[in-house]
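Structure first, then comments.
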Amino acid sequence: MVKITVDGKVLEVDESKNLLEEILSQGEDLPYFCWHPSMGSVGSCRQCAVIEYANDEDERGRLNMACMTAPREGARYSIEKAAKFRAQAIESIMINHPHDCPVCEEGGECHLQDMTVMSGHNYRRYDGKKKTHTNQYLGPFIGHEMNRCITCYRCVRFYKDYAGGTDFGPQASHDNTYFGRWQEGPLESEFSGNLAEVCPTGVFTDKPFSKHYVRKWDLQTAPSLCAGCSVGCNTNPGERYGTLRRVVNRFNDEVNGYFLCDRGRFGTGYVNSDERITVSMTRSAHDAAPHLASTDEARSQLQAMAANSIGIGSPRASLEANFALRELVGAENFYAGISTNELAMSRQILDIYRSRPVNIANIKDIEASDAVLILGEDVTNTAARLALALRQSVRNLGKKMARDMKFPEWQDAAIRQLTMDRKSPLYILSAHATRLDDIAARVKIGTAANSARLGFAIAHEIDSSAPAVNGLSADEKELVTTIASALKEASQPLIISGTGAMSQALIAAAANIATALNGADKKANLALVSAEANSMGLALLMESSDNSLDQAMASNAKAAIVLENDLYRRAPASSVDSFINGLDQLAVLDSLKTRTGEQANLVLAAGTFAETSGTFVNYEVRAQHYYSVFKPVDTIRSSAFWLSDKKLSELTQGCADSISGGAGIATLTPGEGFSVSGMKVPRQQHRYSGRTAMRANINVHEPKQEQDEEGILTYSMEGVSALKDATVFNTAWAGGWNSNQSVFKFQSHTGAALKQATKGHCLVENSVSEKTWSEVTDAEKVTGDFEVFPLYHLFGSEELTANTEAIKAKATSAYIAINEADASKLGLQASDGVSVEHNGAVPYIIRSSIAPGTVGIPVGLKGLNFRDLPAAISLQKATDWATPSEWHAANIIVSDKTSVNAENGGEA
Amino acid sequence: MATDKPLTKNIEIGRAPFNFKQYEAAGGYESVRKVVTMAPGDVVNLVKDAGLGGRGGAGFNTGLKWSFVPAPDGGPRYLVINGDEMEPGTFKDRLLIEHDPHLLIEGMITTCFALQAQTGYIFLRGEYTVCEERLLSAISEAYENGMLGRNILGSGFDLDIYLHTSAGRYICGEETALINALEGKRANPRAKPPFPQVSGLWGRPTVVNNVETICNIPGIVANGVEWYQGLGLGDFVGTRMSGVSGRVKNPGCWEVPVGITFRQLLEDYAGGMQDGYELKAFLPGGGSTDFLMPEHLDLPMDPGAVQKAGSRLGTSLIMVLDDKTCPVGCIRNLIKFFAHESCGWCTPCRDGLPWTEHMLNKLEEGTGSMKDIEILQEMTTYMGPGNTFCALAPGAAEPLQSGLKYFRDEFEAHVKHGCSYNKH
Amino acid sequence: MNNLIASTAIKARQLTEEEIHEIEHEKTHYPYTQAVGLEALKIVQKYQGWVSDESLLAVSEYLDIAPDELEGVATFFNMIFRRPVGKNVILLCDSVACWMLGCDNLKEHISNTLGVDYGETTKDGLFTLIPVPCLGACDKAPVMMVGRETYTHLSTNKIDQIIAHIRDESPVELDN
Ligand SMILES: Cc1cc2nc3c(=O)[nH]c(=O)nc-3n(C[C@H](O)[C@H](O)[C@H](O)COP(=O)(O)O)c2cc1C
Ligand code: SF4
Ligand code: FES
């Protein structure tokens with residue numbers, strides 16, 4: 001820390017940071033564009049100018065960019081004295097900027113508007129013609145309006161430098177510089193949506209939001225969570241007129257920082273979809289005609305059947321809803337709603353986190369890792385936000401080089417230049433090429449069983465007390481020693497695996513490696529990706545029994561209550577059919593129509609994440625609370641409401657009490673009694689407009705305010721402002737800072753944790769130091785022509801988000817992926833389809849990375865049920881084949897280029 | 001006796017440049033034979049002591065610049081020759097390369113030895129097609145004769161030299177932008193620090209020097225500091241390529257002792273103004289220097305002296321503005337160039353220059369206002385040194401600010417009547 | 001297999017043997033392929049006259065550099081043509097020394113003679129007129145280049161001669 005003086009004020013600041021972030025961190029205002037806390041400084045926009053004085057005598061000083069200045073002990077700076085220059089800079093930035101604020105989607109939350117006002121530019125003196133550009137079609141997610149561009153280069157610095165995208169960039173030069181694709185077309189990066197937040201003005205906009213646009217201040221918002229995968233990114237969804245309009249990032253330094261993936265940002269349209277169940281229905285038998293059930297009717301019917309019923313929970317329902325179901329039917333009758341293998345994997349993960357000397361990795365840990373091994377998890381498609389963090393981890397070698405050369409860490413361009421293509425090592429063992437191969441030191445293609453074998457061998461190589469593996473080939477031995485020594489040498493090694501490959505052996509191997517790495521002064525980071533938003537929460541509830549879905553279906557139950565779960569996605573259709581046929585009564589609580597729901601005789605309309613509150617437990621076993629954003633129509637209720645008479649807070653407390661180590665669950669919200677000077681937290685901003693008029697076409701009387709069941713937020717404008725109390729942080733706004741950039745006003749230091757709001761609570765406390773090992777499990781021999789492995793798609797594999805229009809546009813129906821040699825063995829021509837044993841015919845794609853004799857089957861895409869398939873199948877050229885209309889080869893973004901080079905070599 | 005024209009001694013306009021044999025016969029490559037017997041650090045010190053200033057425009061002591069290169073660490077190090085020469089009014093490097101390509105090669109070998117750099121690149125302006133052909137043949141001759149390649153003259157020193165022709169952008173002349181261009185990237189400049197000597201081409205230690213700067217090295221190494229310093233007049237050291245363009249009788253570029261006055265250059269070398277034209281002002285060293293007036297003609301052509309008079313010696317090629325040419329139009333022409341050549345990275349240059357051009361257009365067309373002149377004046381400080389990312393925009397502001405100073409009345413006259421000079 | 005997204009209908013053209021040979025030669029000059037990207041664009045332009053989408057994609061595939069990266073570079077530099085040009089590109093210097101000696105009049109003369117403005121190509125595909133910053137021949141102003149040839153001390157008369165000389169060779173049709 002050093003002491004500096006800024007306009008006479010003495011400040012104590014961190015000299016390893018730049019002056020701009022230090023000034024902002026003190027709560028002062030200083031305008032900027034090109035700088036971003038996650039992306040460092042490049043000094044191009046010249047908006048953050050300050051005067052730096054050489055010494056006490058210096059009266060003139062020199063103009064410097066604060067973002068490119070390292071604070072010096074005792075130095076004197078002035079923000080004020082550079083005001084004229086900043087005004088000139090903004091004036092010239094604005095000469096080409098259109099006067100379209102009234103119709104621009106950024107209006108009202110525009111960093112450019114804020115900075116223009118802050119820099120003191122009001123009247124236009126430039127009287128020439130403005131530059132105009134043509135816009136490009138960039139796909140279903142992102143709109144493009146280049147005329148608004150102020151050439152701050154943030155978009156490319158995010159898209160290319162930070163997120164590793166290659167299909168976007170700067171073109172032309174001088175005041176004609178253009179940001180786009182070389183040919184128009186959908187952006188390929190899984191993180192493209194962040195452009196809408198990263199761009200300081202309205203060049204890149206959230207396209208689905210544009211279709212039902214409202215101003216930021218007209219949205220009703222609450223702190224929420226992304227339900228798209230097990231990462232649990234923090235979000236601020238916004239609602240107006242009963243529809244969910246958009247999702248933006250909510251900063252949490254340990255979970256998602258400033259960024260979301262495109263599934264999370266664009267995947268929530270299902271909340272408004274026609275597939276929603278909006279009323280509860282009942283019928284006397286499967287084949288009888290359904291009729292409407294009132295709330296009371298539906299609820300009492302459910303209660304009535306509960307006594308003799310089993311309950312089937314869900315990894316996509318909240319902890320509270322699962323808990324309520326468990327209470328309703330009794331723990332012994334409560335089943336997890338996932339396959340035996342998946343349940344075993346979730347509990348295996350819990351067990352590892354609790355009993356091994358490892359550090360559960362959050363994204364900050366991942367970003368700080370200097371050697372990484374990914375075991376069989378296609379992170380980009382199953383936990384995308386972590387893939388973005390991994391892209392930062394490989395830069396640690398460069399950062400180290402920079403530290404050795406005494407370059408400050410914020411000197412982004414200089415460090416990239418110094419580093420060139422040198423990276424911290426990242427190794428991938430996978431059944432197919434992945435979207436992270438471009439940053440990988442080595443990629444080894446192999447089945448999950450084989451990757452596990454190598455993983456066990458790596459653990460043994462690091463610590464010989466770990467069980468050994470026999471029969472490695474010379475090549476394998478070389479790979480094993482290379483990876484082992486890179487991990488050993490690293491100061492923060494990271495192992496990533498998860499349930500994606502559906503292999504317990506793989507997870508065990510990952511645990512052994514992380515354990516082996518444990519040393520006197522270091523703990524390895526371990527991240528085990530789980531399947532869904534609340535997979536780990538479900539696992540926590542299942543500890544007293546091992547009731548899987550398979551066991552539920554074998555239980556001979558006559559009645560079942562299914563919570564937010566389409567059983568057909570989790571088990572072979574034939575088993576589900578016979579289970580349901582054997583039931584007298586089936587109740588389904590869900591938000592969307594499903595095949596399971598169609599067969600129920602009681603369907604209860606359940607709210608989505610946006611309409612309900614609850615707790616999800618993410619891959620780190622971090623419990624996080626989400627608050628309902630808006631009240632749906634009266635007939636839709638939360639699953640917890642249908643299942644229990646208790647208040648949500650009582651259910652949450654129940655979870656906290658009954659889950660071992662779960663006490664933290666009860667601390668996630670400030671609780672019912674929360675108020676600041678008697679005020680609650682308003683979901684609506686103080687500029688929320690039309691409150692008295694928005695329903696005037698129905699009734700001129702203002703409706704009674706909706707009541708919030710949790711008693712923390714209100715469905716109104718009245719309440720405590722976030723600037724006063726941000727314990728429940730639902731929108732970033734500060735005086736003069738209408739855009740998301742205002743978040744620094746709530747952080748303890750720019751880019752660091754929020755001062756108030758909770759980061760969630762990790763339910764595993766681990767202080768184990770003793771090493772224990774998983775035994776090496778021999779791979780089961782599978783018989784059949786093609787060994788099956790799962791493929792995941794960010795767009796399409798997840799059940800709920802797949803019902804969103806924008807996601808559908810990026811998704812595809814099922815297909816199979818095979819190696820070129822296998823395709824020619826099967827005699828396949830380009831337009832042929834493939835018949836899958838016991839299943840229909842689907843299109844195929846060739847992926848050079850896939851090992852001969854293996855076949856990749858996508859999970860969750862329409863047209864082929866992964867769960868229907870045995871471990872190995874036979875394939876045949878389809879006769880009578882027509883390509884399904886929902887098949888879009890172009891939507892399958894793979895990166896098999898690297899897999900053909902020798903270093904990454906495929907395996908026979 | 002050592003020559004007093006080390007840069008041009010082999011040059012005879014109209015005859016083909018010396019080939020390797022001829023060049024060697026005229027005493028060429030002597031510095032290479034000498035340098036391989038020296039300690040690299042001593043060569044650096046020698047050049048530092050000689051007091052040679054960079055000829056690319058900024059005039060920084062060349063040996064001092066070299067001394068910032070860190071000690072060898074086994075990795076690659078580079079010498080890059082800046083032969084981009086796109087500064088308006090500048091045509092000295094072209095002359096040197098076209099007429100004596102081996103001098104540059106010799107200078108590079110000697111310099112690379114001093115820096116212990118094993119690779120040299122010549123970044124040559126793409127439009128210099130004759131230079132390109134002559135350099136290529138000189139390089140291959142040098143390889144054939146053992147001056148390039150492995151184990152040069154049995155010294156154990158290896159060196160490769162490659163020619164890179166630019167795809168055209170003035171900003172490529174800025175040394176860090178040049179490095180980006182050489183790497184195949186968009187030629188935006190890089191932030192300094194880190195300086196290229198520490199982290200330049202591909203992140204490695206790199207020295208960028210102007211063609212003429214390096215052409216000085218063979219003489220200095222072969223003949224020593226005293227000889228070199230004796231070349232200048234009085235206290236001034238060395239010779240430098242200087243020239244004149246515009247309406248003079250005999251435009252051209254000559255090697256002159258440092259320290260002669262502008263008047264000497266203009267009258268003794270360039271033959272004075274063409275008949276019927278009078279000297280109104282001149283740009284002393286390229287388009288990005290401040291105008292000087294006739295009363296400055298007796299200043300010595302030395303960076304320090306010119307700076308005192310409020311301008312820069314720059315590339316030392318002066319452009320004369322005659323009394324029949326509109327100063328506003330002249331400045332407009334320059335600003336148009338700079339606006340077009342702005343790389344688009346930083347705001348004052350990218351957006352300030354086109355606005356400036358717009359106002360100058362208005363003045364020329366007779367639609368300008370006093371307000372525009374006021375804003376033009378503001379622009380000169382807005383785009384001034386330190387305010388932009390590189391020196392392009394501050395350079396562009398120089399002729400404008402001095403133009404506003406010396407020709408204010410003409411600017412104001414343009415408000416009422418537009419341009420009253422004959423169109424060119 | 002390449003990225004399946006290949007959303008564009010544009011197909012890479014086959015690079016010629018000479019092009020490949022020269023690209024391979026350039027590769028020996030630089031430790032990183034990115035540097036060769038810009039070189040390859042120049043090589044392609046040397047043979048094809050300009051860099052078409054098909055050529056850009058060909059270079060992209062040959063060197064494994066993203067087309068967006070190449071486009072960013074191609075559009076940055078003045079002398080990479082992303083639109084077809086005539087057989088002879090006239091680069092007329094319009095910088096200050098030439099301006100003082102009358103290049104504006106020469107521009108008008110060329111435009112009138114050939115019927116083209118800056119950036120345009122004659123109907124017969126023979127000439128494209130482009131302004132160029134200072135050609136470094138200010139002592140011989142006004143100047144221009146046609147192809148690789150520099151012409152100095154220009155006058156309207158001299159320009160007529162140069163054009164006539166070039167015209168005498170048989171005209172060639174442009175590819176589009
Ligand atoms: C916009 C701009 C253009 C420049 N153009 C050239 C150039 O064409 N040739 C050159 O030698 N230096 C040029 N320079 C100066 C170089 O950045 C650098 O200072 C020089 O090459 C260093 O060589 P020297 O030390 O031998 O003078 C330019 C600088 C700027 C800011
Ligand atoms: S001053 Fe700025 S925009 Fe202009 S050339 Fe330099 S970096 Fe580029
Ligand atoms: S934020 Fe400092 S120059 Fe852009």
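Here's how to read the names in the structure tokens: chain A, B, ... by the order shown, residue numbers from 1 in each chain, ligand numbers from 1 in the order shown.
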
Next on the checklist: Could you list, as a PyMOL selection string, all residues that come within 9 Å of ligand 3? Count only C-alpha atoms and all ligand atoms.
Outcome noted: (chain A and resi 20+31-36+41-49+64-68+152) or (chain B and resi 346-347+389)

Checklist entry - Which residues sit within 9 Å of ligand 1, counting only C-alpha atoms and all ligand atoms, listed as a ChimeraX atom specification? => result /B:53-62,65,80-87,90,93,125,170-178,189,207-214,288,315,338,341-342,390-396

Checklist entry - Could you pull the residues within 8 Å of stretch 22-33 of chain C, counting only C-alpha atoms, minus those fewer than 4 positions along the same chain, as an MDAnalysis selection string? => result (chainID B and resid 162 183) or (chainID C and resid 18 37 39:40 43 63)

Item to check | Shell of 10 Å around stretch 129-132 of chain C, only C-alpha atoms, local chain residues under 6 positions omitted, as number ranges by chain | outcome: B: 127, 168, 337; C: 78-79, 85-86, 88-95, 107, 110-111, 114, 116-122, 144-146

Would you mind exporting C-alpha atoms of the selected residues as a PDB file, in the first residue's frame?
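So selection_33.pdb came out as:
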```
ATOM      1  CA  GLU B 127       6.109   1.361 -52.618  1.00  0.00           C
ATOM      2  CA  GLY B 168       1.285   0.612 -46.360  1.00  0.00           C
ATOM      3  CA  PHE B 337      -3.082  12.824 -44.465  1.00  0.00           C
TER       4      PHE B 337
ATOM      5  CA  ASN C  78      -3.685   0.679 -47.443  1.00  0.00           C
ATOM      6  CA  MET C  79      -2.103  -1.577 -50.003  1.00  0.00           C
ATOM      7  CA  VAL C  85      -8.784  -3.365 -59.139  1.00  0.00           C
ATOM      8  CA  GLY C  86      -7.772  -2.726 -62.700  1.00  0.00           C
ATOM      9  CA  ASN C  88      -2.793  -1.084 -63.628  1.00  0.00           C
ATOM     10  CA  VAL C  89      -3.205   0.615 -60.312  1.00  0.00           C
ATOM     11  CA  ILE C  90      -2.324   4.285 -60.517  1.00  0.00           C
ATOM     12  CA  LEU C  91      -1.126   5.558 -57.168  1.00  0.00           C
ATOM     13  CA  LEU C  92      -1.135   9.321 -57.373  1.00  0.00           C
ATOM     14  CA  CYS C  93       0.724  11.040 -54.567  1.00  0.00           C
ATOM     15  CA  ASP C  94      -1.508  13.647 -52.942  1.00  0.00           C
ATOM     16  CA  SER C  95       0.719  14.668 -50.049  1.00  0.00           C
ATOM     17  CA  LYS C 107      -5.916  14.225 -60.511  1.00  0.00           C
ATOM     18  CA  ILE C 110      -6.509  11.743 -65.011  1.00  0.00           C
ATOM     19  CA  SER C 111     -10.141  11.617 -63.931  1.00  0.00           C
ATOM     20  CA  LEU C 114      -9.976   7.952 -67.844  1.00  0.00           C
ATOM     21  CA  VAL C 116     -12.735   7.543 -63.094  1.00  0.00           C
ATOM     22  CA  ASP C 117     -12.638   9.120 -59.672  1.00  0.00           C
ATOM     23  CA  TYR C 118     -10.463   7.923 -56.774  1.00  0.00           C
ATOM     24  CA  GLY C 119     -11.242   4.322 -55.953  1.00  0.00           C
ATOM     25  CA  GLU C 120     -12.779   3.607 -59.345  1.00  0.00           C
ATOM     26  CA  THR C 121     -11.731   1.354 -62.186  1.00  0.00           C
ATOM     27  CA  THR C 122     -12.044   2.119 -65.884  1.00  0.00           C
ATOM     28  CA  MET C 144       2.821   8.744 -59.135  1.00  0.00           C
ATOM     29  CA  MET C 145       3.302   5.022 -59.360  1.00  0.00           C
ATOM     30  CA  VAL C 146       1.748   2.689 -61.857  1.00  0.00           C
TER      31      VAL C 146
END
```

Item to check | Residues within 12 Å of A:Ala663, only C-alpha atoms, excluding chain neighbours under 6 positions, as a list in words | outcome: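 Contacts, in chain order: Ala623, Thr652, Gln653, Gly654, Cys655, Ala656, Asp657, His761, Cys762, Leu763, Val764 and Glu765 of chain A.
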
Could those selected residues go to a file with all heavy atoms, as a PDB file, in the first residue's frame?
```pdb
ATOM      1  N   ALA A 623     -24.428 -23.410  -1.152  1.00  0.00           N
ATOM      2  CA  ALA A 623     -25.867 -23.146  -1.155  1.00  0.00           C
ATOM      3  C   ALA A 623     -26.088 -21.672  -1.455  1.00  0.00           C
ATOM      4  O   ALA A 623     -25.402 -20.813  -0.899  1.00  0.00           O
ATOM      5  CB  ALA A 623     -26.461 -23.498   0.201  1.00  0.00           C
ATOM      6  N   THR A 652     -36.794 -23.926   4.645  1.00  0.00           N
ATOM      7  CA  THR A 652     -35.354 -23.694   4.565  1.00  0.00           C
ATOM      8  C   THR A 652     -34.698 -24.103   5.883  1.00  0.00           C
ATOM      9  O   THR A 652     -33.673 -24.784   5.906  1.00  0.00           O
ATOM     10  CB  THR A 652     -35.072 -22.201   4.292  1.00  0.00           C
ATOM     11  OG1 THR A 652     -35.864 -21.792   3.170  1.00  0.00           O
ATOM     12  CG2 THR A 652     -33.614 -21.971   3.979  1.00  0.00           C
ATOM     13  N   GLN A 653     -35.318 -23.707   6.971  1.00  0.00           N
ATOM     14  CA  GLN A 653     -34.795 -24.079   8.282  1.00  0.00           C
ATOM     15  C   GLN A 653     -34.769 -25.598   8.432  1.00  0.00           C
ATOM     16  O   GLN A 653     -33.814 -26.175   8.960  1.00  0.00           O
ATOM     17  CB  GLN A 653     -35.639 -23.439   9.392  1.00  0.00           C
ATOM     18  CG  GLN A 653     -35.055 -23.574  10.787  1.00  0.00           C
ATOM     19  CD  GLN A 653     -33.681 -22.896  10.894  1.00  0.00           C
ATOM     20  OE1 GLN A 653     -33.540 -21.734  10.529  1.00  0.00           O
ATOM     21  NE2 GLN A 653     -32.677 -23.629  11.349  1.00  0.00           N
ATOM     22  N   GLY A 654     -35.828 -26.230   7.920  1.00  0.00           N
ATOM     23  CA  GLY A 654     -35.908 -27.693   7.966  1.00  0.00           C
ATOM     24  C   GLY A 654     -34.745 -28.324   7.231  1.00  0.00           C
ATOM     25  O   GLY A 654     -34.132 -29.281   7.704  1.00  0.00           O
ATOM     26  N   CYS A 655     -34.421 -27.772   6.071  1.00  0.00           N
ATOM     27  CA  CYS A 655     -33.281 -28.282   5.309  1.00  0.00           C
ATOM     28  C   CYS A 655     -32.010 -28.116   6.129  1.00  0.00           C
ATOM     29  O   CYS A 655     -31.189 -29.024   6.235  1.00  0.00           O
ATOM     30  CB  CYS A 655     -33.115 -27.524   3.998  1.00  0.00           C
ATOM     31  SG  CYS A 655     -34.466 -27.741   2.845  1.00  0.00           S
ATOM     32  N   ALA A 656     -31.872 -26.906   6.693  1.00  0.00           N
ATOM     33  CA  ALA A 656     -30.663 -26.608   7.462  1.00  0.00           C
ATOM     34  C   ALA A 656     -30.515 -27.600   8.620  1.00  0.00           C
ATOM     35  O   ALA A 656     -29.416 -28.069   8.913  1.00  0.00           O
ATOM     36  CB  ALA A 656     -30.725 -25.183   7.987  1.00  0.00           C
ATOM     37  N   ASP A 657     -31.632 -27.937   9.243  1.00  0.00           N
ATOM     38  CA  ASP A 657     -31.574 -28.818  10.405  1.00  0.00           C
ATOM     39  C   ASP A 657     -31.312 -30.260  10.020  1.00  0.00           C
ATOM     40  O   ASP A 657     -30.641 -30.987  10.729  1.00  0.00           O
ATOM     41  CB  ASP A 657     -32.888 -28.738  11.187  1.00  0.00           C
ATOM     42  CG  ASP A 657     -33.095 -27.350  11.780  1.00  0.00           C
ATOM     43  OD1 ASP A 657     -32.075 -26.614  11.894  1.00  0.00           O
ATOM     44  OD2 ASP A 657     -34.242 -27.001  12.088  1.00  0.00           O
ATOM     45  N   HIS A 761     -23.143 -20.048   0.701  1.00  0.00           N
ATOM     46  CA  HIS A 761     -22.487 -20.690   1.831  1.00  0.00           C
ATOM     47  C   HIS A 761     -22.096 -22.104   1.462  1.00  0.00           C
ATOM     48  O   HIS A 761     -22.936 -22.904   1.067  1.00  0.00           O
ATOM     49  CB  HIS A 761     -23.450 -20.702   3.025  1.00  0.00           C
ATOM     50  CG  HIS A 761     -22.764 -21.001   4.296  1.00  0.00           C
ATOM     51  ND1 HIS A 761     -22.392 -20.033   5.189  1.00  0.00           N
ATOM     52  CD2 HIS A 761     -22.344 -22.171   4.806  1.00  0.00           C
ATOM     53  CE1 HIS A 761     -21.775 -20.599   6.206  1.00  0.00           C
ATOM     54  NE2 HIS A 761     -21.733 -21.899   5.992  1.00  0.00           N
ATOM     55  N   CYS A 762     -20.824 -22.424   1.589  1.00  0.00           N
ATOM     56  CA  CYS A 762     -20.391 -23.782   1.246  1.00  0.00           C
ATOM     57  C   CYS A 762     -20.738 -24.718   2.389  1.00  0.00           C
ATOM     58  O   CYS A 762     -20.439 -24.453   3.554  1.00  0.00           O
ATOM     59  CB  CYS A 762     -18.897 -23.812   0.966  1.00  0.00           C
ATOM     60  SG  CYS A 762     -18.400 -25.454   0.428  1.00  0.00           S
ATOM     61  N   LEU A 763     -21.390 -25.812   2.036  1.00  0.00           N
ATOM     62  CA  LEU A 763     -21.902 -26.710   3.072  1.00  0.00           C
ATOM     63  C   LEU A 763     -20.909 -27.801   3.446  1.00  0.00           C
ATOM     64  O   LEU A 763     -21.230 -28.703   4.192  1.00  0.00           O
ATOM     65  CB  LEU A 763     -23.232 -27.324   2.628  1.00  0.00           C
ATOM     66  CG  LEU A 763     -24.315 -26.308   2.246  1.00  0.00           C
ATOM     67  CD1 LEU A 763     -25.597 -27.016   1.855  1.00  0.00           C
ATOM     68  CD2 LEU A 763     -24.576 -25.339   3.395  1.00  0.00           C
ATOM     69  N   VAL A 764     -19.737 -27.747   2.879  1.00  0.00           N
ATOM     70  CA  VAL A 764     -18.720 -28.715   3.265  1.00  0.00           C
ATOM     71  C   VAL A 764     -17.579 -27.976   3.949  1.00  0.00           C
ATOM     72  O   VAL A 764     -17.008 -27.059   3.391  1.00  0.00           O
ATOM     73  CB  VAL A 764     -18.147 -29.453   2.038  1.00  0.00           C
ATOM     74  CG1 VAL A 764     -17.015 -30.375   2.464  1.00  0.00           C
ATOM     75  CG2 VAL A 764     -19.233 -30.239   1.350  1.00  0.00           C
ATOM     76  N   GLU A 765     -17.324 -28.345   5.149  1.00  0.00           N
ATOM     77  CA  GLU A 765     -16.143 -27.777   5.796  1.00  0.00           C
ATOM     78  C   GLU A 765     -15.146 -28.889   5.893  1.00  0.00           C
ATOM     79  O   GLU A 765     -15.411 -29.935   6.458  1.00  0.00           O
ATOM     80  CB  GLU A 765     -16.513 -27.252   7.179  1.00  0.00           C
ATOM     81  CG  GLU A 765     -17.390 -26.041   7.034  1.00  0.00           C
ATOM     82  CD  GLU A 765     -17.115 -25.006   8.091  1.00  0.00           C
ATOM     83  OE1 GLU A 765     -16.159 -25.206   8.873  1.00  0.00           O
ATOM     84  OE2 GLU A 765     -17.859 -24.025   8.132  1.00  0.00           O
TER      85      GLU A 765
END
```

Next on the checklist: Give me the residues near A:Ala878 as an MDAnalysis selection string, where near means some atom within 12 Å (using only C-alpha atoms) and where sequence neighbours in that chain fewer than 6 positions away do not count.
Outcome noted: chainID A and resid 826:829 831:837 839:844

Checklist entry - Could you write out, as number ranges by chain, all the residues of stretch 103-164 of chain C that DSSP marks as strand (DSSP E or B)? => result C: 121, 127-132, 144-146, 149-151

Item to check | Neighbour list for C:Arg167 as a PyMOL selection string, cut-off 10 Å, only C-alpha atoms, skip fewer than 5 positions in-chain | outcome: chain C and resi 88+126-127+161-162

Next on the checklist: Residues of chain A within 6 Å of chain C, counting only C-alpha atoms, what are they? List them as a ChimeraX atom specification.
Outcome noted: /A:167-168,170-173,182,848,890,893-895,897

Checklist entry - Which chain C residues are at most 6 Å from chain B (counting only C-alpha atoms), as a list in words? => result Gln34, Ala35, Leu38, Val73, Phe77, Asn78, Met79, Ala97, Gly102, Asp104, Cys134, Gly136, Ala137, Cys138 and Asp139 of chain C

Any chance you could tabulate, as CSV, the residues of chain A at most 8 Å from chain B with each one's nearest atom pair and distance in Å to one decimal, using only C-alpha atoms, in chain and rising number order?
```
residue,atom,partner,partner_atom,distance
A:Val42,CA,B:Ala191,CA,7.4
A:Gly43,CA,B:Phe389,CA,7.3
A:Ser44,CA,B:Cys346,CA,4.5
A:Cys45,CA,B:Cys346,CA,5.4
A:Arg46,CA,B:Thr347,CA,6.3
A:Arg62,CA,B:Gly386,CA,7.5
A:Leu63,CA,B:Gly386,CA,6.3
A:Asn64,CA,B:Gly386,CA,7.1
A:Phe85,CA,B:Tyr382,CA,6.5
A:Gln88,CA,B:Tyr382,CA,6.8
A:Ala89,CA,B:Pro348,CA,6.2
A:Ser92,CA,B:Asp351,CA,5.4
A:Ile93,CA,B:Asp351,CA,6.3
A:Ile95,CA,B:Asp351,CA,7.5
A:Tyr126,CA,B:Trp355,CA,7.2
A:Gly128,CA,B:His358,CA,6.8
A:Thr151,CA,B:Trp345,CA,7.6
A:Ser173,CA,B:Gly344,CA,5.2
A:His174,CA,B:Gly344,CA,3.7
A:Asp175,CA,B:Arg350,CA,5.2
A:Asn176,CA,B:Gly344,CA,7.7
A:Thr177,CA,B:Gly344,CA,6.4
A:Phe407,CA,B:Pro194,CA,7.6
A:Ala413,CA,B:Arg190,CA,7.7
A:Ala414,CA,B:Pro194,CA,7.0
A:Gln417,CA,B:Gly203,CA,5.2
A:Leu418,CA,B:Gly203,CA,4.0
A:Thr419,CA,B:Gly203,CA,6.7
A:Met420,CA,B:Trp202,CA,6.5
```

Item to check | DSSP helix (DSSP H, G or I) selection over stretch 62-143 of chain C, as JSON, numbers by chain | outcome: {"C": [62, 63, 67, 68, 69, 70, 71, 72, 73, 74, 96, 97, 98, 99, 100, 103, 104, 105, 106, 107, 108, 109, 110, 111, 112, 113, 114, 138, 139, 140]}
